[in-house]
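File shown: data-v4.cif. Contents: mmCIF, C-alpha atoms and all ligand atoms.
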data_query
#
loop_
_atom_site.label_atom_id
_atom_site.label_comp_id
_atom_site.auth_asym_id
_atom_site.auth_seq_id
_atom_site.Cartn_x
_atom_site.Cartn_y
_atom_site.Cartn_z
CA MET A 578 -159.60 -56.06 -50.58
CA PHE A 579 -159.56 -52.54 -52.04
CA ASP A 580 -162.67 -51.54 -50.14
CA LEU A 581 -162.93 -47.77 -49.66
CA THR A 582 -166.21 -47.76 -47.75
CA GLY A 583 -166.34 -44.91 -45.26
CA LYS A 584 -163.48 -42.97 -46.87
CA VAL A 585 -163.92 -39.38 -48.03
CA ALA A 586 -162.09 -38.53 -51.25
CA VAL A 587 -161.48 -35.22 -53.02
CA VAL A 588 -160.61 -35.23 -56.72
CA THR A 589 -159.58 -32.12 -58.66
CA GLY A 590 -160.34 -31.67 -62.36
CA ALA A 591 -163.10 -34.24 -61.95
CA SER A 592 -165.66 -33.13 -64.52
CA ARG A 593 -164.26 -35.20 -67.38
CA GLY A 594 -161.46 -37.45 -68.56
CA ILE A 595 -159.11 -39.08 -66.08
CA GLY A 596 -160.44 -37.15 -63.04
CA ARG A 597 -163.94 -38.28 -63.76
CA ALA A 598 -162.91 -41.92 -64.24
CA ILE A 599 -160.98 -41.77 -60.95
CA SER A 600 -164.04 -40.32 -59.18
CA GLU A 601 -166.35 -42.98 -60.61
CA MET A 602 -164.00 -45.81 -59.61
CA LEU A 603 -163.41 -44.47 -56.09
CA ALA A 604 -167.19 -44.24 -55.67
CA ARG A 605 -167.65 -47.81 -56.96
CA GLN A 606 -165.17 -48.92 -54.29
CA GLY A 607 -167.41 -47.29 -51.67
CA ALA A 608 -165.79 -43.88 -51.06
CA LEU A 609 -167.80 -40.69 -50.77
CA VAL A 610 -166.28 -38.56 -53.53
CA ALA A 611 -166.16 -34.76 -53.64
CA LEU A 612 -165.72 -34.04 -57.33
CA THR A 613 -164.19 -30.59 -57.86
CA ASP A 614 -163.47 -28.66 -61.05
CA VAL A 615 -163.10 -25.11 -62.33
CA LEU A 616 -166.10 -25.98 -64.54
CA GLY A 617 -168.80 -25.76 -61.86
CA ASP A 618 -171.81 -26.84 -63.95
CA ALA A 619 -170.02 -29.77 -65.56
CA VAL A 620 -168.73 -31.08 -62.24
CA GLY A 621 -172.20 -30.77 -60.70
CA GLN A 622 -173.55 -32.89 -63.55
CA ALA A 623 -170.72 -35.42 -63.20
CA ALA A 624 -171.40 -35.79 -59.45
CA HIS A 625 -175.11 -36.16 -60.19
CA GLU A 626 -174.33 -39.03 -62.57
CA VAL A 627 -172.14 -40.79 -59.99
CA VAL A 628 -175.04 -40.59 -57.53
CA ALA A 629 -177.49 -41.80 -60.19
CA SER A 630 -175.35 -44.91 -60.70
CA GLY A 631 -175.45 -45.70 -56.99
CA GLY A 632 -172.36 -43.90 -55.66
CA LYS A 633 -171.92 -41.29 -52.97
CA ALA A 634 -170.78 -38.01 -54.54
CA GLU A 635 -170.95 -34.23 -54.33
CA GLY A 636 -169.88 -31.61 -56.87
CA TYR A 637 -167.96 -28.43 -56.03
CA ALA A 638 -166.77 -25.58 -58.25
CA MET A 639 -163.11 -25.18 -57.34
CA ASP A 640 -160.26 -23.53 -59.26
CA VAL A 641 -156.97 -24.97 -58.01
CA THR A 642 -155.20 -21.66 -58.73
CA ASP A 643 -157.46 -19.79 -56.31
CA THR A 644 -155.87 -20.40 -52.89
CA ALA A 645 -158.70 -18.83 -50.88
CA GLY A 646 -161.30 -20.70 -52.94
CA VAL A 647 -159.50 -24.02 -52.41
CA GLN A 648 -159.29 -23.45 -48.66
CA ALA A 649 -162.98 -22.50 -48.53
CA THR A 650 -164.09 -25.55 -50.54
CA ILE A 651 -161.94 -28.01 -48.60
CA GLY A 652 -163.20 -26.31 -45.42
CA LYS A 653 -166.79 -26.92 -46.52
CA ILE A 654 -166.06 -30.60 -47.25
CA LEU A 655 -164.40 -30.98 -43.83
CA GLU A 656 -167.32 -29.25 -42.14
CA ARG A 657 -169.75 -31.70 -43.78
CA HIS A 658 -167.80 -34.91 -43.40
CA SER A 659 -165.21 -34.16 -40.67
CA ARG A 660 -162.44 -35.83 -42.64
CA VAL A 661 -160.62 -36.15 -45.94
CA ASP A 662 -158.92 -39.52 -46.42
CA ILE A 663 -157.91 -39.30 -50.06
CA LEU A 664 -156.84 -36.34 -52.19
CA VAL A 665 -156.23 -36.83 -55.90
CA ASN A 666 -154.52 -33.84 -57.53
CA ASN A 667 -155.55 -34.44 -61.12
CA ALA A 668 -156.41 -30.98 -62.54
CA GLY A 669 -154.01 -30.17 -65.35
CA ILE A 670 -153.66 -28.20 -68.56
CA VAL A 671 -151.34 -27.92 -71.54
CA ARG A 672 -150.25 -24.82 -73.49
CA ASP A 673 -147.79 -26.29 -75.96
CA ASN A 674 -145.09 -24.52 -77.92
CA VAL A 675 -141.37 -24.84 -78.50
CA ALA A 676 -139.42 -23.02 -75.80
CA LEU A 677 -138.19 -20.41 -78.26
CA ARG A 678 -141.73 -19.24 -78.92
CA LEU A 679 -143.37 -20.05 -75.60
CA LYS A 680 -145.17 -17.04 -74.15
CA ARG A 681 -144.39 -16.19 -70.55
CA GLU A 682 -148.11 -16.36 -69.71
CA ASP A 683 -148.29 -19.92 -71.09
CA TRP A 684 -145.32 -20.92 -68.94
CA ASP A 685 -146.91 -19.33 -65.87
CA VAL A 686 -150.44 -20.70 -66.25
CA VAL A 687 -149.25 -24.29 -66.77
CA LEU A 688 -146.98 -24.13 -63.72
CA ASN A 689 -149.74 -22.45 -61.70
CA VAL A 690 -152.45 -24.99 -62.47
CA ASN A 691 -150.40 -28.19 -62.59
CA LEU A 692 -147.72 -27.66 -59.95
CA SER A 693 -148.83 -24.82 -57.65
CA GLY A 694 -152.41 -26.15 -57.71
CA THR A 695 -151.10 -29.51 -56.45
CA PHE A 696 -149.30 -27.73 -53.60
CA THR A 697 -152.32 -25.57 -52.70
CA CYS A 698 -154.77 -28.48 -52.53
CA SER A 699 -152.32 -30.69 -50.65
CA GLN A 700 -151.66 -27.99 -48.07
CA ALA A 701 -155.41 -27.47 -47.63
CA VAL A 702 -155.98 -31.10 -46.52
CA LEU A 703 -152.80 -31.61 -44.48
CA ARG A 704 -154.00 -30.43 -41.10
CA ALA A 705 -157.05 -32.70 -41.26
CA MET A 706 -154.99 -35.69 -42.42
CA MET A 707 -152.44 -35.10 -39.65
CA ARG A 708 -155.25 -34.95 -37.10
CA GLN A 709 -156.66 -38.21 -38.48
CA ARG A 710 -153.14 -39.69 -38.42
CA GLY A 711 -153.70 -41.03 -41.88
CA GLY A 712 -154.38 -40.11 -45.47
CA ARG A 713 -153.54 -40.67 -49.10
CA ILE A 714 -152.33 -37.96 -51.46
CA ILE A 715 -152.07 -39.10 -55.07
CA ASN A 716 -150.70 -36.66 -57.61
CA ILE A 717 -151.11 -37.07 -61.35
CA SER A 718 -147.88 -36.39 -63.21
CA SER A 719 -147.08 -37.59 -66.74
CA VAL A 720 -144.57 -39.65 -68.68
CA VAL A 721 -143.59 -36.26 -70.11
CA GLY A 722 -142.38 -35.22 -66.65
CA GLN A 723 -140.10 -38.26 -66.63
CA MET A 724 -138.70 -38.20 -70.17
CA GLY A 725 -139.35 -34.65 -71.47
CA ASN A 726 -141.09 -33.82 -74.72
CA ALA A 727 -140.25 -31.30 -77.43
CA GLY A 728 -142.89 -28.57 -77.46
CA GLN A 729 -143.96 -29.22 -73.87
CA SER A 730 -141.16 -27.72 -71.73
CA ASN A 731 -143.67 -25.91 -69.50
CA TYR A 732 -145.84 -29.02 -69.06
CA ALA A 733 -142.80 -31.28 -68.52
CA ALA A 734 -141.38 -28.89 -65.91
CA SER A 735 -144.71 -28.82 -64.06
CA LYS A 736 -145.05 -32.60 -64.12
CA ALA A 737 -141.42 -33.22 -63.08
CA GLY A 738 -141.99 -30.68 -60.31
CA ILE A 739 -144.93 -32.73 -59.06
CA ILE A 740 -142.58 -35.71 -58.64
CA GLY A 741 -140.06 -33.73 -56.56
CA PHE A 742 -142.83 -32.16 -54.51
CA SER A 743 -144.45 -35.54 -53.82
CA LYS A 744 -141.21 -37.26 -52.81
CA SER A 745 -140.47 -34.45 -50.34
CA LEU A 746 -143.99 -34.45 -48.93
CA ALA A 747 -143.84 -38.25 -48.55
CA ARG A 748 -140.79 -37.89 -46.31
CA GLU A 749 -142.39 -35.07 -44.27
CA LEU A 750 -145.61 -36.97 -43.66
CA ALA A 751 -144.55 -40.61 -43.34
CA VAL A 752 -144.49 -40.47 -39.56
CA ARG A 753 -148.12 -39.24 -39.60
CA GLY A 754 -149.39 -42.24 -41.53
CA ILE A 755 -149.97 -40.17 -44.66
CA THR A 756 -148.65 -41.55 -47.94
CA VAL A 757 -147.91 -39.40 -50.97
CA ASN A 758 -147.50 -41.03 -54.37
CA VAL A 759 -147.49 -40.09 -58.02
CA VAL A 760 -149.23 -41.74 -60.92
CA ALA A 761 -147.53 -40.95 -64.22
CA PRO A 762 -149.79 -41.77 -67.17
CA GLY A 763 -148.47 -42.21 -70.69
CA LEU A 764 -150.65 -41.34 -73.66
CA ILE A 765 -154.25 -41.62 -72.51
CA ASP A 766 -157.28 -41.22 -74.75
CA THR A 767 -159.04 -38.12 -73.32
CA ASP A 768 -160.04 -34.60 -74.45
CA MET A 769 -156.51 -33.45 -73.62
CA THR A 770 -154.88 -35.75 -76.17
CA ARG A 771 -157.76 -35.47 -78.64
CA GLY A 772 -156.71 -31.78 -78.82
CA LEU A 773 -153.24 -32.73 -80.08
CA PRO A 774 -152.58 -32.73 -83.83
CA GLU A 775 -153.35 -36.12 -85.42
CA SER A 776 -149.69 -36.46 -86.47
CA VAL A 777 -148.49 -36.07 -82.86
CA ARG A 778 -151.08 -38.57 -81.57
CA ASN A 779 -150.08 -41.11 -84.21
CA GLU A 780 -146.39 -40.62 -83.57
CA TRP A 781 -146.87 -41.11 -79.83
CA ALA A 782 -149.20 -44.09 -80.24
CA SER A 783 -146.63 -45.82 -82.46
CA LYS A 784 -144.16 -45.61 -79.55
CA VAL A 785 -146.34 -47.52 -77.09
CA PRO A 786 -145.03 -51.12 -76.84
CA ILE A 787 -148.37 -52.41 -75.49
CA GLY A 788 -149.81 -51.26 -78.82
CA ARG A 789 -152.68 -49.04 -77.76
CA LEU A 790 -153.40 -45.75 -76.06
CA GLY A 791 -154.25 -45.99 -72.38
CA THR A 792 -157.77 -45.44 -71.08
CA ALA A 793 -158.83 -43.19 -68.23
CA ASP A 794 -159.77 -46.38 -66.35
CA ASP A 795 -156.20 -47.70 -66.68
CA VAL A 796 -155.09 -44.64 -64.70
CA ALA A 797 -158.02 -44.79 -62.27
CA SER A 798 -157.15 -48.40 -61.31
CA ALA A 799 -153.64 -47.36 -60.26
CA VAL A 800 -155.00 -44.42 -58.25
CA CYS A 801 -157.58 -46.60 -56.51
CA PHE A 802 -154.94 -49.12 -55.50
CA LEU A 803 -152.73 -46.40 -53.99
CA ALA A 804 -155.78 -45.06 -52.11
CA THR A 805 -156.40 -48.31 -50.25
CA ASP A 806 -155.27 -49.40 -46.79
CA GLU A 807 -153.39 -52.22 -48.52
CA ALA A 808 -151.01 -49.65 -50.05
CA SER A 809 -150.00 -48.21 -46.67
CA TYR A 810 -146.29 -49.12 -47.03
CA ILE A 811 -145.94 -47.46 -50.44
CA SER A 812 -144.97 -43.80 -50.32
CA GLY A 813 -142.86 -41.38 -52.36
CA GLN A 814 -143.20 -43.58 -55.45
CA VAL A 815 -144.01 -42.93 -59.07
CA LEU A 816 -146.33 -45.52 -60.56
CA ALA A 817 -146.08 -45.36 -64.34
CA VAL A 818 -149.20 -46.26 -66.32
CA ASN A 819 -147.75 -45.94 -69.78
CA GLY A 820 -147.93 -49.26 -71.66
CA ALA A 821 -144.11 -49.62 -71.33
CA MET A 822 -143.63 -46.43 -73.36
CA TYR A 823 -140.98 -45.31 -70.86
CA THR A 824 -139.40 -47.84 -68.51
N1 LIG A 901 -154.56 -37.47 -71.33
C1 LIG A 901 -153.31 -37.86 -71.23
O1 LIG A 901 -152.74 -38.45 -72.14
C2 LIG A 901 -152.52 -37.57 -69.99
C3 LIG A 901 -151.25 -38.13 -69.91
C4 LIG A 901 -150.50 -37.90 -68.78
C5 LIG A 901 -151.02 -37.12 -67.77
N2 LIG A 901 -152.24 -36.57 -67.88
C6 LIG A 901 -152.71 -35.74 -66.78
O2 LIG A 901 -153.92 -36.26 -66.28
C7 LIG A 901 -154.71 -35.20 -65.75
C8 LIG A 901 -156.10 -35.23 -66.36
O3 LIG A 901 -155.96 -35.10 -67.76
P1 LIG A 901 -157.15 -35.36 -68.80
O4 LIG A 901 -156.52 -35.99 -69.98
O5 LIG A 901 -158.31 -36.00 -68.14
O6 LIG A 901 -157.46 -33.84 -69.18
P2 LIG A 901 -158.84 -33.08 -69.47
O7 LIG A 901 -158.45 -31.81 -70.14
O8 LIG A 901 -159.80 -33.98 -70.15
O9 LIG A 901 -159.37 -32.78 -67.99
C9 LIG A 901 -158.71 -31.87 -67.15
C10 LIG A 901 -159.71 -31.38 -66.12
O10 LIG A 901 -159.05 -30.40 -65.29
C11 LIG A 901 -159.91 -29.29 -65.16
N3 LIG A 901 -159.15 -28.08 -64.86
C12 LIG A 901 -158.39 -27.34 -65.70
N4 LIG A 901 -157.92 -26.26 -65.06
C13 LIG A 901 -158.37 -26.32 -63.79
C14 LIG A 901 -158.25 -25.48 -62.65
N5 LIG A 901 -157.54 -24.33 -62.70
N6 LIG A 901 -158.86 -25.85 -61.51
C15 LIG A 901 -159.59 -26.98 -61.44
N7 LIG A 901 -159.78 -27.80 -62.50
C16 LIG A 901 -159.17 -27.47 -63.66
C17 LIG A 901 -160.64 -29.20 -66.48
O11 LIG A 901 -161.82 -28.42 -66.37
C18 LIG A 901 -160.89 -30.66 -66.77
O12 LIG A 901 -162.09 -31.11 -66.18
C19 LIG A 901 -153.92 -33.91 -66.03
O13 LIG A 901 -153.16 -33.54 -64.91
C20 LIG A 901 -153.01 -34.32 -67.15
O14 LIG A 901 -151.86 -33.53 -67.21
C21 LIG A 901 -153.01 -36.78 -68.99
#

Translate the structure of the given file into structure tokens.
Ligand SMILES: NC(=O)c1ccc[n+]([C@@H]2O[C@H](COP(=O)([O-])OP(=O)(O)OC[C@H]3O[C@@H](n4cnc5c(N)ncnc54)[C@H](O)[C@@H]3O)[C@@H](O)[C@H]2O)c1
Amino acid sequence: MFDLTGKVAVVTGASRGIGRAISEMLARQGALVALTDVLGDAVGQAAHEVVASGGKAEGYAMDVTDTAGVQATIGKILERHSRVDILVNNAGIVRDNVALRLKREDWDVVLNVNLSGTFTCSQAVLRAMMRQRGGRIINISSVVGQMGNAGQSNYAASKAGIIGFSKSLARELAVRGITVNVVAPGLIDTDMTRGLPESVRNEWASKVPIGRLGTADDVASAVCFLATDEASYISGQVLAVNGAMYT
């Protein structure tokens, strides 16, 4: 069960944090993983470390906001491996401020990376997945996209948008054997949350009924399950990994 041997996976934002944990776990399950990130050197190093620990991996510099660059990189992966079975749209950023003071550029960049980047990368793999008559697209949203959060209206809008996009895509692609699902993490201990003020982290942590922050591996486990053949009848769903913070 949960064997991904022979599958080719692409993960965005894979140089650190949740994307890296997802890449490592997919590789441990036997997939060949193309780790991609806007940070080219860091993602090369991350891929190198996956290989050093016995996995199959390659690193690619890829900015999800660069449509031509995404198409070229996915094209290169398809040329090398002839297929993409799993796409994990994980790249994401925050630029927090209350709506009253939010700069237009901070609205735009968050929507561009988190939501438009998810569309761009999904579109880039669709033809190949349709040809294969199968595939898994797993998009990383957030509990904030489900419940909202003061000071994160841009981030919440992007993450809620990912849910609507994924549910629509799931309906378009069901007949082709391609599933599209969302994983919505709660508060996960990564660089992204380490950047939040201590007071915000503490306030959020106190609201988690399970009594701890999540780990990147908690999220990776959910992604790996949705990537398997065993999850073939699950599509258009949001799997919350949030310690019962939002139910
Ligand atoms: N950490 C949390 O608590 C949490 C909670 C819910 C959802 N998430 C989501 O999980 C995902 C990963 O978050 P994380 O905590 O690991 O964050 P992180 O900041 O540690 O990692 C994000 C990765 O995305 C990459 N990235 C940023 N912009 C990019 C671009 N334009 N193109 C390609 N790559 C880009 C970064 O270089 C980095 O490697 C994000 O989508 C985030 O919104 C995180």

Neighbours of ligand LIG 901 (chain A) at 7 Å or closer, counting only C-alpha atoms and all ligand atoms: which residues, as a PDB file with C-alpha atoms, keeping the file's coordinate frame?
ATOM      1  CA  THR A 589    -159.580 -32.120 -58.660  1.00  0.00           C
ATOM      2  CA  GLY A 590    -160.340 -31.670 -62.360  1.00  0.00           C
ATOM      3  CA  ALA A 591    -163.100 -34.240 -61.950  1.00  0.00           C
ATOM      4  CA  SER A 592    -165.660 -33.130 -64.520  1.00  0.00           C
ATOM      5  CA  ARG A 593    -164.260 -35.200 -67.380  1.00  0.00           C
ATOM      6  CA  GLY A 594    -161.460 -37.450 -68.560  1.00  0.00           C
ATOM      7  CA  ILE A 595    -159.110 -39.080 -66.080  1.00  0.00           C
ATOM      8  CA  GLY A 596    -160.440 -37.150 -63.040  1.00  0.00           C
ATOM      9  CA  THR A 613    -164.190 -30.590 -57.860  1.00  0.00           C
ATOM     10  CA  ASP A 614    -163.470 -28.660 -61.050  1.00  0.00           C
ATOM     11  CA  VAL A 615    -163.100 -25.110 -62.330  1.00  0.00           C
ATOM     12  CA  LEU A 616    -166.100 -25.980 -64.540  1.00  0.00           C
ATOM     13  CA  MET A 639    -163.110 -25.180 -57.340  1.00  0.00           C
ATOM     14  CA  ASP A 640    -160.260 -23.530 -59.260  1.00  0.00           C
ATOM     15  CA  VAL A 641    -156.970 -24.970 -58.010  1.00  0.00           C
ATOM     16  CA  THR A 642    -155.200 -21.660 -58.730  1.00  0.00           C
ATOM     17  CA  ASN A 667    -155.550 -34.440 -61.120  1.00  0.00           C
ATOM     18  CA  ALA A 668    -156.410 -30.980 -62.540  1.00  0.00           C
ATOM     19  CA  GLY A 669    -154.010 -30.170 -65.350  1.00  0.00           C
ATOM     20  CA  ILE A 670    -153.660 -28.200 -68.560  1.00  0.00           C
ATOM     21  CA  VAL A 690    -152.450 -24.990 -62.470  1.00  0.00           C
ATOM     22  CA  ASN A 691    -150.400 -28.190 -62.590  1.00  0.00           C
ATOM     23  CA  ILE A 717    -151.110 -37.070 -61.350  1.00  0.00           C
ATOM     24  CA  SER A 718    -147.880 -36.390 -63.210  1.00  0.00           C
ATOM     25  CA  SER A 719    -147.080 -37.590 -66.740  1.00  0.00           C
ATOM     26  CA  VAL A 720    -144.570 -39.650 -68.680  1.00  0.00           C
ATOM     27  CA  ALA A 761    -147.530 -40.950 -64.220  1.00  0.00           C
ATOM     28  CA  PRO A 762    -149.790 -41.770 -67.170  1.00  0.00           C
ATOM     29  CA  GLY A 763    -148.470 -42.210 -70.690  1.00  0.00           C
ATOM     30  CA  LEU A 764    -150.650 -41.340 -73.660  1.00  0.00           C
ATOM     31  CA  ILE A 765    -154.250 -41.620 -72.510  1.00  0.00           C
ATOM     32  CA  ASP A 766    -157.280 -41.220 -74.750  1.00  0.00           C
ATOM     33  CA  THR A 767    -159.040 -38.120 -73.320  1.00  0.00           C
ATOM     34  CA  ASP A 768    -160.040 -34.600 -74.450  1.00  0.00           C
ATOM     35  CA  MET A 769    -156.510 -33.450 -73.620  1.00  0.00           C
ATOM     36  CA  THR A 770    -154.880 -35.750 -76.170  1.00  0.00           C
TER      37      THR A 770
END

* Exercise: region 700-715 of chain A partners within 10 Å, all atoms listed in the file, chain neighbours under 2 positions left out, as a PyMOL selection string -> chain A and resi 584-588+644-645+647-652+655+659-667+694-698+717-718+743+746-747+750-760+799-801+803-806+808-809+812-815

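Interatomic distance, CA of Gly738 (chain A) against CA of Ala782 (chain A): 25.1 Å.
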
* State, in Å with one decimal place, the distance from CA of Thr582 (chain A) to CA of Ala608 (chain A). => 5.1 Å

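Take CA of Gln723 (chain A) and CA of Ala737 (chain A): the distance between them is 6.3 Å.
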
* Write out as a PyMOL selection string each polymer residue whose atoms come within 10 Å of region 683-686 of chain A, counting all atoms listed in the file; drop sequence neighbours fewer than 6 positions from it. => chain A and resi 642+670-674+676+692-693+729-732+734-735

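Using all atoms listed in the file, the smallest distance between any of A:Met602, A:Val675, A:Pro774, A:Gly583 and Ala727 (chain A) comes from A:Val675.
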
Since the input is missing atoms for region 785-804 of chain A, could you rebuild it with N, CA and C atoms and give the result as a tab-separated table (two decimals), keeping the file's coordinate frame?
chain	number	residue	atom	x	y	z
A	785	VAL	N	-145.85	-46.81	-78.29
A	785	VAL	CA	-146.34	-47.52	-77.09
A	785	VAL	C	-146.20	-49.02	-77.31
A	786	PRO	N	-145.25	-49.68	-76.61
A	786	PRO	CA	-145.03	-51.12	-76.84
A	786	PRO	C	-146.28	-51.97	-76.64
A	787	ILE	N	-147.16	-51.60	-75.70
A	787	ILE	CA	-148.37	-52.41	-75.49
A	787	ILE	C	-149.32	-52.31	-76.69
A	788	GLY	N	-149.12	-51.31	-77.54
A	788	GLY	CA	-149.81	-51.26	-78.82
A	788	GLY	C	-151.15	-50.56	-78.82
A	789	ARG	N	-151.44	-49.82	-77.77
A	789	ARG	CA	-152.68	-49.04	-77.76
A	789	ARG	C	-152.50	-47.85	-76.85
A	790	LEU	N	-153.36	-46.85	-77.02
A	790	LEU	CA	-153.40	-45.75	-76.06
A	790	LEU	C	-153.98	-46.29	-74.76
A	791	GLY	N	-153.65	-45.62	-73.65
A	791	GLY	CA	-154.25	-45.99	-72.38
A	791	GLY	C	-155.67	-45.43	-72.27
A	792	THR	N	-156.44	-45.97	-71.35
A	792	THR	CA	-157.77	-45.44	-71.08
A	792	THR	C	-157.74	-44.74	-69.73
A	793	ALA	N	-158.73	-43.89	-69.53
A	793	ALA	CA	-158.83	-43.19	-68.23
A	793	ALA	C	-158.97	-44.22	-67.10
A	794	ASP	N	-159.63	-45.34	-67.38
A	794	ASP	CA	-159.77	-46.38	-66.35
A	794	ASP	C	-158.44	-47.06	-66.01
A	795	ASP	N	-157.53	-47.14	-66.99
A	795	ASP	CA	-156.20	-47.70	-66.68
A	795	ASP	C	-155.53	-46.86	-65.59
A	796	VAL	N	-155.69	-45.55	-65.69
A	796	VAL	CA	-155.09	-44.64	-64.70
A	796	VAL	C	-155.86	-44.72	-63.38
A	797	ALA	N	-157.18	-44.76	-63.48
A	797	ALA	CA	-158.02	-44.79	-62.27
A	797	ALA	C	-157.71	-46.03	-61.42
A	798	SER	N	-157.44	-47.17	-62.07
A	798	SER	CA	-157.15	-48.40	-61.31
A	798	SER	C	-155.90	-48.22	-60.45
A	799	ALA	N	-154.88	-47.59	-61.01
A	799	ALA	CA	-153.64	-47.36	-60.26
A	799	ALA	C	-153.90	-46.42	-59.08
A	800	VAL	N	-154.69	-45.38	-59.32
A	800	VAL	CA	-155.00	-44.42	-58.25
A	800	VAL	C	-155.78	-45.12	-57.14
A	801	CYS	N	-156.76	-45.92	-57.53
A	801	CYS	CA	-157.58	-46.60	-56.51
A	801	CYS	C	-156.74	-47.52	-55.66
A	802	PHE	N	-155.81	-48.24	-56.28
A	802	PHE	CA	-154.94	-49.12	-55.50
A	802	PHE	C	-154.14	-48.30	-54.48
A	803	LEU	N	-153.55	-47.21	-54.91
A	803	LEU	CA	-152.73	-46.40	-53.99
A	803	LEU	C	-153.57	-45.77	-52.88
A	804	ALA	N	-154.88	-45.66	-53.11
A	804	ALA	CA	-155.78	-45.06	-52.11
A	804	ALA	C	-156.17	-46.03	-51.00
